[in-house]
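Structure, as structure tokens:
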Amino acid sequence: MTTPHAPEAPDPAQQLRSRSYVAMLVLGALLGVPVAAVAYFYLKEVSVAQHWVFTTLPGELGFTSEPTWWPLLPLTVSGLLVGLSLRYLPGTGGHKPAEGFKAGGPVDPRDLPLIVVASFLTLSLGVVLGPEAPLIALGSGLGVLAIHLLKRDAPQTATMVIGAAGSFAAVSTLLGSPIVGAFLLMEAGGIGGPLMGVVLVPGLLAAGVGTLIFVGLDNWTGYGTFSLAIPNIPPFTSPTLAEFLWAIGIGLAAAVVGTVIRRGALALQPVVERRVVVVMPVVGLGIGAMAVIFAEFTSHPSSEVLFSGQDALPGLVEGAAGWTVGALILLVVCKGVAYSLALSSYRGGPTFPGMFIGAVGGIALSHLPGLPMIAGAAMGVGAMTTVMLGLPLTSVLLAAIFFSADGLALSPLIIVATVVAYVASARLAPPSTPAPADSS
């Protein structure tokens with residue numbers, strides 16, 4: 001009996017020369033405009049909601065300032081509302097952040113309403129997750145919607161390319177660089193081989209156009225930028241042997257801390273999913289309790305524990321001298337527990353809280369001899385990010401660009417810390433169950 005041949009893979013060179021590919025390039029460029037606009041105003045509305053809930057609302061209720069116990073209220077409400085949306089709205093609400101970034105196909109536009117609702121209720125009410133995963137899904141869904149509106153029977157390759165282009169445009173506006181966004185999506189999505197260029201070029205074009213639109217909206221609206229950036233950091237010249245030894249230690253420490261956070265989230269995840277409406281308010285209450293504990297025992301606000309840490313990172317690094325070692329250690333513990341709880345059930349991205357905790361840990365260790373503050377923070381960011389995402393290339397690039405003024409000098413230390421953290425976290429991960437043998 002003749003075995004049927006599998007369909008041949010598309011020829012990348014032939015696709016690049018085709019008129020349909022030129023059309024995809026044009027569509028990718030055009031797609032960058034609405035996707036960047038949607039991403040910008042989504043982030044703006046999240047920022048407005050956060051300010052209203054944690055700053056304006058307490059005043060309207062008669063408090064002179066936010067009470068120490070205040071985070072308990074919005075976090076519990078967030079758990080209830082997100083739980084109800086996941087239970088009763090169609091779709092999954094996007095990927096589960098405890099599982100990190102995983103390869104996945106284009107997002108079905110029908111899943112977008114729940115993704116937007118669940119992530120908005122997560123981010124705007126102070127949960128310790130970031131906006132990058134919802135933006136990636138939002139960009140992909142809008143790209144798929146656009147190509148389906150233009151050609152309902154579009155081939156699968158076109159849908160994949162334009163969906164990826166939408167994701168590129170959305171996440172690049174947040175990360176502040178089309179290059180970082182490209183690395184993130186290629187490494188997380190497993191985009192490689194001969195089709196890498198076919199997918200990458202429209203995505204980069206969409207990301208470049210989207211970044212221009214993002215900057216233009218910033219200037220036009222005056223709302224400010226929502227991209228990750230740090231304007232003023234101490235200078236760093238060249239690494240020393242002591243700093244390379246610290247890179248090994250920071251990588252090992254990040255592997256342990258990150259593994260504890262992820263394992264806790266993965267262990268709690270099935271418990272929450274069984275009774276999501278009942279358990280999620282309890283999870284939210286736990287996150288709020290971590291913020292209250294931190295505010296009670298330090299002179300710093302509860303907002304350091306809440307939210308993704310994206311907006312707080314520049315101030316943390318620039319104001320590192322105003323932190324005691326005890327406050328930094330307590331912040332790692334409280335935000336780490338809150339982060340693990342959030343990963344278990346809410347909908348958002350895992351990147352920025354990991355970066356923040358890594359920076360806090362690195363700054364705390366810099367109080368010991370031989371480790372400059374800026375080097376400790378940079379190595380902590382790179383090491384903790386790769387443990388939480390499992391994406392070493394993206395983690396190195398993200399840390400280097402975030403500390404761009406010193407990025408070139410810090411890169412060797414970031415690479416060592418990141419590689420050590422990546423390998424050590426792989427050794428600490430539970431062994432995978434082998435697939436059953438085929439008995440046929």
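We name chains A, B, ... following the order of the structure tokens; residues begin at 1 in each chain, and ligands are numbered from 1 as shown.
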
**Asked** Residues at most 9 Å from Val283 in chain A, counting only C-alpha atoms, excluding those fewer than 3 positions away in the same chain, as JSON, numbers by chain?
**Response** {"A": [75, 76, 79, 272, 279, 280, 286, 287, 288, 338, 341, 342, 344, 345]}

**Prompt:** Using the chain letters and numbers from this document, which residues of range 43-267 of chain A does DSSP assign to alpha helix (DSSP H), as a PyMOL selection string?
**Reply:** chain A and resi 43-51+57-60+72-88+112-124+132-150+156-175+178-189+196-221+241-267

**For Gly130 in chain A: contacts at 8 Å, only C-alpha atoms, fewer than 5 positions along chain excluded, given as a list in words** =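 In the requested format, the answer is Leu123, Phe307, Ser308, Gly309, Gln310, Gly348, Gly349, Pro350, Thr351, Phe352 and Pro353 of chain A.
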
**Message:** Would you pick out the contacts of range 48-62 of chain A at 8 Å or less, using only C-alpha atoms, so that residues sharing its chain but fewer than 6 positions from it are not included, and give the list as a count of residues only?
**Reply:** 7
